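J.: Before I ask anything, let me first share the structure, which is written out below as structure tokens.
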Amino acid sequence: MAVLKIITGVDNKVLRACSAPVKKIDRKVKRLVAEMIETMQAVEGLGIAASQVGVNLRVFIARLNFDTANEIIVPMINSEFLKESEQTEEGEEGCLSVPRVFGVVRRAKKVTIKYTDLRGQPQTLNLSDLNARIVQHETDHVDGILFVDKMVREIEEKDARNAI
Ligand code: ZN
């Protein structure tokens, strides 16, 4: 296993591409997921998408329930939102692929996300607040969207908390 290089730059072609669905969860995909988790942990990220390590597949990792006893690392493959709440909220974000930029993004407060797990089983999760924000940020990556596209205002790096 290895820590992978994180791609940066708002104009990077891989970051801006719409990623393709995973057809089969083979050893290659499992290895990619393991290396993405290792990479996310090395940089203390709350999530990471495959495009951020140079692979245009619909795969991301979310670190849910961050900083609680229930913290879990969840790989999500070929995810889709079944529901996004009309209620939105503003929150701070940063991105491993856009270093030193932090800003406020308005997102759905609650989402229902369906995805395929590493064993190939379909799963559904109801998520809210920071958990919902993380999976929305990562789903945007899979679609070639970066948080700076949606940022309502930038904040100073020194004032940034909860960067994902
Ligand atoms: Zn990001």
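Residues in the structure tokens are numbered from 1 in each chain, the chains being A, B, ... in the order shown, and ligands are numbered from 1 in the order shown.
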Enumerate as number ranges by chain all residues of chain A assigned to alpha helix (DSSP H) by DSSP on the backbone, naming them with the chain letters and numbers the document uses.

T.: A: 13-16, 27-42, 129-142

J.: I need the residues from that last selection saved to file as an mmCIF file, in the first residue's frame (with N, CA and C atoms), if you can.

T.:
```cif
data_model
loop_
_atom_site.group_PDB
_atom_site.id
_atom_site.type_symbol
_atom_site.label_atom_id
_atom_site.label_comp_id
_atom_site.auth_asym_id
_atom_site.auth_seq_id
_atom_site.Cartn_x
_atom_site.Cartn_y
_atom_site.Cartn_z
ATOM 1 N N LYS A 13 -7.404 18.794 -15.364
ATOM 2 C CA LYS A 13 -8.358 18.057 -16.211
ATOM 3 C C LYS A 13 -8.971 16.848 -15.506
ATOM 4 N N VAL A 14 -8.165 16.153 -14.712
ATOM 5 C CA VAL A 14 -8.688 14.968 -14.009
ATOM 6 C C VAL A 14 -9.697 15.395 -12.947
ATOM 7 N N LEU A 15 -9.395 16.468 -12.235
ATOM 8 C CA LEU A 15 -10.326 16.968 -11.214
ATOM 9 C C LEU A 15 -11.624 17.469 -11.837
ATOM 10 N N ARG A 16 -11.530 17.942 -13.077
ATOM 11 C CA ARG A 16 -12.695 18.538 -13.737
ATOM 12 C C ARG A 16 -13.504 17.545 -14.565
ATOM 13 N N ARG A 27 -9.829 -6.527 -7.524
ATOM 14 C CA ARG A 27 -8.675 -6.255 -6.641
ATOM 15 C C ARG A 27 -8.112 -4.865 -6.849
ATOM 16 N N LYS A 28 -8.191 -4.391 -8.091
ATOM 17 C CA LYS A 28 -7.676 -3.063 -8.417
ATOM 18 C C LYS A 28 -8.465 -1.978 -7.675
ATOM 19 N N VAL A 29 -9.788 -2.132 -7.675
ATOM 20 C CA VAL A 29 -10.641 -1.146 -6.987
ATOM 21 C C VAL A 29 -10.414 -1.230 -5.477
ATOM 22 N N LYS A 30 -10.297 -2.449 -4.960
ATOM 23 C CA LYS A 30 -10.067 -2.619 -3.519
ATOM 24 C C LYS A 30 -8.733 -2.004 -3.094
ATOM 25 N N ARG A 31 -7.743 -2.168 -3.947
ATOM 26 C CA ARG A 31 -6.435 -1.578 -3.656
ATOM 27 C C ARG A 31 -6.521 -0.049 -3.695
ATOM 28 N N LEU A 32 -7.240 0.464 -4.699
ATOM 29 C CA LEU A 32 -7.432 1.914 -4.804
ATOM 30 C C LEU A 32 -8.080 2.454 -3.531
ATOM 31 N N VAL A 33 -9.132 1.784 -3.068
ATOM 32 C CA VAL A 33 -9.841 2.223 -1.853
ATOM 33 C C VAL A 33 -8.893 2.208 -0.653
ATOM 34 N N ALA A 34 -8.114 1.142 -0.501
ATOM 35 C CA ALA A 34 -7.187 1.038 0.636
ATOM 36 C C ALA A 34 -6.153 2.161 0.582
ATOM 37 N N GLU A 35 -5.677 2.461 -0.612
ATOM 38 C CA GLU A 35 -4.662 3.515 -0.739
ATOM 39 C C GLU A 35 -5.273 4.897 -0.550
ATOM 40 N N MET A 36 -6.521 5.060 -0.974
ATOM 41 C CA MET A 36 -7.203 6.349 -0.749
ATOM 42 C C MET A 36 -7.402 6.585 0.754
ATOM 43 N N ILE A 37 -7.760 5.524 1.490
ATOM 44 C CA ILE A 37 -7.944 5.664 2.945
ATOM 45 C C ILE A 37 -6.613 6.050 3.592
ATOM 46 N N GLU A 38 -5.554 5.366 3.181
ATOM 47 C CA GLU A 38 -4.227 5.663 3.740
ATOM 48 C C GLU A 38 -3.831 7.114 3.440
ATOM 49 N N THR A 39 -4.127 7.556 2.227
ATOM 50 C CA THR A 39 -3.784 8.921 1.809
ATOM 51 C C THR A 39 -4.593 9.941 2.606
ATOM 52 N N MET A 40 -5.908 9.671 2.749
ATOM 53 C CA MET A 40 -6.777 10.587 3.502
ATOM 54 C C MET A 40 -6.290 10.706 4.950
ATOM 55 N N GLN A 41 -5.900 9.588 5.525
ATOM 56 C CA GLN A 41 -5.437 9.613 6.914
ATOM 57 C C GLN A 41 -4.110 10.343 7.056
ATOM 58 N N ALA A 42 -3.252 10.188 6.046
ATOM 59 C CA ALA A 42 -1.936 10.841 6.099
ATOM 60 C C ALA A 42 -2.066 12.359 6.132
ATOM 61 N N ASP A 129 -25.998 17.393 8.606
ATOM 62 C CA ASP A 129 -24.956 18.332 9.035
ATOM 63 C C ASP A 129 -23.595 18.019 8.397
ATOM 64 N N LEU A 130 -22.524 17.891 9.206
ATOM 65 C CA LEU A 130 -21.190 17.711 8.615
ATOM 66 C C LEU A 130 -21.100 16.426 7.783
ATOM 67 N N ASN A 131 -21.745 15.354 8.246
ATOM 68 C CA ASN A 131 -21.725 14.105 7.469
ATOM 69 C C ASN A 131 -22.335 14.321 6.077
ATOM 70 N N ALA A 132 -23.472 15.031 6.043
ATOM 71 C CA ALA A 132 -24.132 15.315 4.761
ATOM 72 C C ALA A 132 -23.247 16.211 3.901
ATOM 73 N N ARG A 133 -22.594 17.179 4.536
ATOM 74 C CA ARG A 133 -21.708 18.093 3.805
ATOM 75 C C ARG A 133 -20.558 17.328 3.155
ATOM 76 N N ILE A 134 -19.953 16.407 3.898
ATOM 77 C CA ILE A 134 -18.812 15.651 3.365
ATOM 78 C C ILE A 134 -19.221 14.864 2.117
ATOM 79 N N VAL A 135 -20.339 14.145 2.179
ATOM 80 C CA VAL A 135 -20.711 13.330 1.010
ATOM 81 C C VAL A 135 -21.162 14.197 -0.169
ATOM 82 N N GLN A 136 -21.698 15.378 0.112
ATOM 83 C CA GLN A 136 -22.045 16.285 -0.997
ATOM 84 C C GLN A 136 -20.777 16.849 -1.641
ATOM 85 N N HIS A 137 -19.793 17.202 -0.820
ATOM 86 C CA HIS A 137 -18.504 17.703 -1.339
ATOM 87 C C HIS A 137 -17.832 16.619 -2.194
ATOM 88 N N GLU A 138 -17.846 15.369 -1.691
ATOM 89 C CA GLU A 138 -17.176 14.278 -2.430
ATOM 90 C C GLU A 138 -17.943 13.908 -3.699
ATOM 91 N N THR A 139 -19.265 13.937 -3.640
ATOM 92 C CA THR A 139 -20.057 13.647 -4.842
ATOM 93 C C THR A 139 -19.785 14.697 -5.913
ATOM 94 N N ASP A 140 -19.620 15.951 -5.497
ATOM 95 C CA ASP A 140 -19.240 16.991 -6.459
ATOM 96 C C ASP A 140 -17.917 16.634 -7.143
ATOM 97 N N HIS A 141 -16.944 16.137 -6.371
ATOM 98 C CA HIS A 141 -15.665 15.741 -6.981
ATOM 99 C C HIS A 141 -15.878 14.711 -8.083
ATOM 100 N N VAL A 142 -16.725 13.743 -7.801
ATOM 101 C CA VAL A 142 -16.986 12.677 -8.757
ATOM 102 C C VAL A 142 -17.574 13.249 -10.062
#
```

J.: Which residues form the shell of 10 Å around ligand 1 when you count only C-alpha atoms and all ligand atoms, given as a PyMOL selection string?

T.: chain A and resi 8+15+45-49+51-52+93-99+134+136-142+145-148+163-164

J.: If you keep C-alpha atoms, can you produce a file of those selected residues as a short mmCIF file (atom, residue, chain, number, x, y, z; two decimals), in the first residue's frame?

T.:
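Ended up saving to again-v3.cif:
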```cif
data_model
loop_
_atom_site.label_atom_id
_atom_site.label_comp_id
_atom_site.auth_asym_id
_atom_site.auth_seq_id
_atom_site.Cartn_x
_atom_site.Cartn_y
_atom_site.Cartn_z
CA THR A 8 -4.34 20.00 -7.01
CA LEU A 15 -10.33 16.97 -11.21
CA GLY A 45 -8.79 14.75 5.56
CA LEU A 46 -12.49 14.14 6.20
CA GLY A 47 -12.97 12.68 2.77
CA ILE A 48 -11.23 11.98 -0.50
CA ALA A 49 -12.45 11.19 -3.99
CA SER A 51 -10.29 11.92 -8.94
CA GLN A 52 -8.11 13.59 -6.30
CA GLU A 93 -15.15 23.96 3.59
CA GLY A 94 -11.67 23.47 2.33
CA CYS A 95 -10.34 20.90 -0.11
CA LEU A 96 -7.20 18.80 -0.33
CA SER A 97 -7.07 19.68 -4.03
CA VAL A 98 -7.41 23.45 -3.51
CA PRO A 99 -4.78 24.17 -0.87
CA ILE A 134 -18.81 15.65 3.36
CA GLN A 136 -22.04 16.28 -1.00
CA HIS A 137 -18.50 17.70 -1.34
CA GLU A 138 -17.18 14.28 -2.43
CA THR A 139 -20.06 13.65 -4.84
CA ASP A 140 -19.24 16.99 -6.46
CA HIS A 141 -15.67 15.74 -6.98
CA VAL A 142 -16.99 12.68 -8.76
CA ILE A 145 -17.20 20.12 -9.43
CA LEU A 146 -15.01 21.85 -6.85
CA PHE A 147 -16.25 23.66 -3.74
CA VAL A 148 -14.85 26.96 -5.00
CA ALA A 163 -12.02 22.05 6.68
CA ILE A 164 -12.95 18.97 4.67
#
```

J.: Could you give me, as JSON lines, a per-residue list for range 40-127 of chain A showing, wherever an atom lies at most 7 Å from an atom of range 17-24 of chain A, the closest pair of atoms and their distance in Å to one decimal, using only C-alpha atoms and sorting by chain then residue number from low to high?

T.:
```
{"residue": "A:Asn56", "atom": "CA", "partner": "A:Ser19", "partner_atom": "CA", "distance": 4.4}
{"residue": "A:Leu57", "atom": "CA", "partner": "A:Ser19", "partner_atom": "CA", "distance": 4.8}
{"residue": "A:Arg58", "atom": "CA", "partner": "A:Pro21", "partner_atom": "CA", "distance": 5.1}
{"residue": "A:Asn78", "atom": "CA", "partner": "A:Pro21", "partner_atom": "CA", "distance": 5.6}
```

J.: Residues at most 10 Å from Val104 in chain A, counting only C-alpha atoms, excluding those fewer than 6 positions away in the same chain, as a ChimeraX atom specification?

T.: /A:89-94,147-148,150-155,160

J.: Save the residues we just selected, all heavy atoms, as a CSV table (one decimal), in the first residue's frame?

T.:
```csv
chain,number,residue,atom,x,y,z
A,89,GLU,N,-28.0,24.7,4.7
A,89,GLU,CA,-27.2,25.5,5.7
A,89,GLU,C,-25.9,25.8,5.1
A,89,GLU,O,-25.3,25.1,4.3
A,89,GLU,CB,-27.2,24.7,7.0
A,89,GLU,CG,-26.4,23.5,7.0
A,89,GLU,CD,-26.3,22.7,8.4
A,89,GLU,OE1,-27.0,23.2,9.3
A,89,GLU,OE2,-25.6,21.7,8.4
A,90,GLU,N,-25.3,26.9,5.6
A,90,GLU,CA,-24.0,27.3,5.2
A,90,GLU,C,-23.0,26.7,6.2
A,90,GLU,O,-23.3,26.5,7.4
A,90,GLU,CB,-23.9,28.8,5.3
A,90,GLU,CG,-24.7,29.6,4.2
A,90,GLU,CD,-24.4,31.0,4.2
A,90,GLU,OE1,-23.8,31.6,5.1
A,90,GLU,OE2,-24.7,31.6,3.1
A,91,GLY,N,-21.8,26.3,5.6
A,91,GLY,CA,-20.8,25.7,6.4
A,91,GLY,C,-19.4,25.9,5.8
A,91,GLY,O,-19.4,26.2,4.5
A,92,GLU,N,-18.4,25.9,6.6
A,92,GLU,CA,-17.0,26.1,6.0
A,92,GLU,C,-16.5,24.8,5.3
A,92,GLU,O,-16.8,23.7,5.8
A,92,GLU,CB,-16.1,26.4,7.2
A,92,GLU,CG,-16.3,27.7,7.8
A,92,GLU,CD,-15.4,27.9,9.0
A,92,GLU,OE1,-14.4,27.1,9.2
A,92,GLU,OE2,-15.6,28.8,9.8
A,93,GLU,N,-15.8,25.1,4.3
A,93,GLU,CA,-15.1,24.0,3.6
A,93,GLU,C,-13.8,24.4,3.1
A,93,GLU,O,-13.5,25.5,2.9
A,93,GLU,CB,-16.0,23.5,2.4
A,93,GLU,CG,-17.3,22.9,2.8
A,93,GLU,CD,-18.1,22.3,1.6
A,93,GLU,OE1,-17.5,22.0,0.6
A,93,GLU,OE2,-19.3,22.2,1.8
A,94,GLY,N,-12.9,23.3,3.0
A,94,GLY,CA,-11.7,23.5,2.3
A,94,GLY,C,-11.5,22.2,1.5
A,94,GLY,O,-12.4,21.4,1.5
A,147,PHE,N,-15.5,22.8,-4.7
A,147,PHE,CA,-16.3,23.7,-3.7
A,147,PHE,C,-16.1,25.1,-4.1
A,147,PHE,O,-17.1,25.9,-3.8
A,147,PHE,CB,-15.9,23.4,-2.3
A,147,PHE,CG,-14.7,24.1,-1.8
A,147,PHE,CD1,-14.9,25.2,-1.0
A,147,PHE,CD2,-13.4,23.8,-2.1
A,147,PHE,CE1,-13.8,26.0,-0.5
A,147,PHE,CE2,-12.3,24.5,-1.6
A,147,PHE,CZ,-12.5,25.6,-0.8
A,148,VAL,N,-15.0,25.5,-4.7
A,148,VAL,CA,-14.9,27.0,-5.0
A,148,VAL,C,-15.9,27.4,-6.0
A,148,VAL,O,-16.2,28.6,-6.1
A,148,VAL,CB,-13.4,27.3,-5.5
A,148,VAL,CG1,-12.4,27.2,-4.4
A,148,VAL,CG2,-13.0,26.3,-6.6
A,150,LYS,N,-19.0,26.8,-5.8
A,150,LYS,CA,-20.2,27.0,-5.1
A,150,LYS,C,-20.0,28.0,-3.9
A,150,LYS,O,-21.0,28.3,-3.2
A,150,LYS,CB,-20.7,25.7,-4.6
A,150,LYS,CG,-21.1,24.7,-5.7
A,150,LYS,CD,-21.7,23.4,-5.1
A,150,LYS,CE,-22.3,22.6,-6.2
A,150,LYS,NZ,-22.9,21.4,-5.7
A,151,MET,N,-18.8,28.4,-3.7
A,151,MET,CA,-18.5,29.2,-2.5
A,151,MET,C,-19.2,30.5,-2.5
A,151,MET,O,-19.2,31.2,-3.5
A,151,MET,CB,-16.9,29.4,-2.5
A,151,MET,CG,-16.3,29.9,-1.3
A,151,MET,SD,-14.5,29.6,-1.3
A,151,MET,CE,-14.0,30.8,-2.5
A,152,VAL,N,-19.9,30.8,-1.4
A,152,VAL,CA,-20.6,32.1,-1.3
A,152,VAL,C,-19.7,33.2,-0.8
A,152,VAL,O,-19.9,34.4,-1.1
A,152,VAL,CB,-21.9,32.0,-0.5
A,152,VAL,CG1,-22.9,31.1,-1.2
A,152,VAL,CG2,-21.7,31.5,0.9
A,153,ARG,N,-18.7,32.8,0.0
A,153,ARG,CA,-17.7,33.8,0.4
A,153,ARG,C,-16.4,33.1,0.9
A,153,ARG,O,-16.5,32.0,1.4
A,153,ARG,CB,-18.2,34.8,1.4
A,153,ARG,CG,-18.6,34.2,2.7
A,153,ARG,CD,-19.1,35.3,3.7
A,153,ARG,NE,-19.6,34.6,4.9
A,153,ARG,CZ,-20.8,34.1,5.1
A,153,ARG,NH1,-21.7,34.1,4.1
A,153,ARG,NH2,-21.1,33.5,6.2
A,154,GLU,N,-15.3,33.7,0.6
A,154,GLU,CA,-14.0,33.1,1.1
A,154,GLU,C,-13.8,33.5,2.5
A,154,GLU,O,-14.2,34.6,2.9
A,154,GLU,CB,-12.9,33.6,0.2
A,154,GLU,CG,-11.6,32.8,0.3
A,154,GLU,CD,-10.6,33.0,-0.8
A,154,GLU,OE1,-10.9,33.6,-1.8
A,154,GLU,OE2,-9.5,32.6,-0.6
A,155,ILE,N,-13.1,32.7,3.3
A,155,ILE,CA,-12.7,33.1,4.6
A,155,ILE,C,-11.2,32.9,4.8
A,155,ILE,O,-10.5,32.2,4.0
A,155,ILE,CB,-13.4,32.2,5.7
A,155,ILE,CG1,-13.2,30.7,5.5
A,155,ILE,CG2,-14.9,32.6,5.8
A,155,ILE,CD1,-13.8,29.9,6.5
A,160,ALA,N,-10.3,29.5,9.6
A,160,ALA,CA,-11.0,28.3,9.1
A,160,ALA,C,-11.0,27.2,10.1
A,160,ALA,O,-10.0,26.9,10.8
A,160,ALA,CB,-10.3,27.8,7.8
```

J.: So, with only C-alpha atoms as the atoms that count, which of A:Val59, A:Val105, A:Val74, A:Ile25 lies closest to Gln123 in chain A?

T.: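 Among A:Val59, A:Val105, A:Val74, A:Ile25, it is A:Val74 that comes nearest to Gln123 in chain A.
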
J.: In Å, rounded to a single decimal, give me how far CA of Phe81 in chain A is from CA of Phe102 in chain A.

T.: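 Interatomic distance, CA of Phe102 in chain A to CA of Phe81 in chain A: 25.2 Å.
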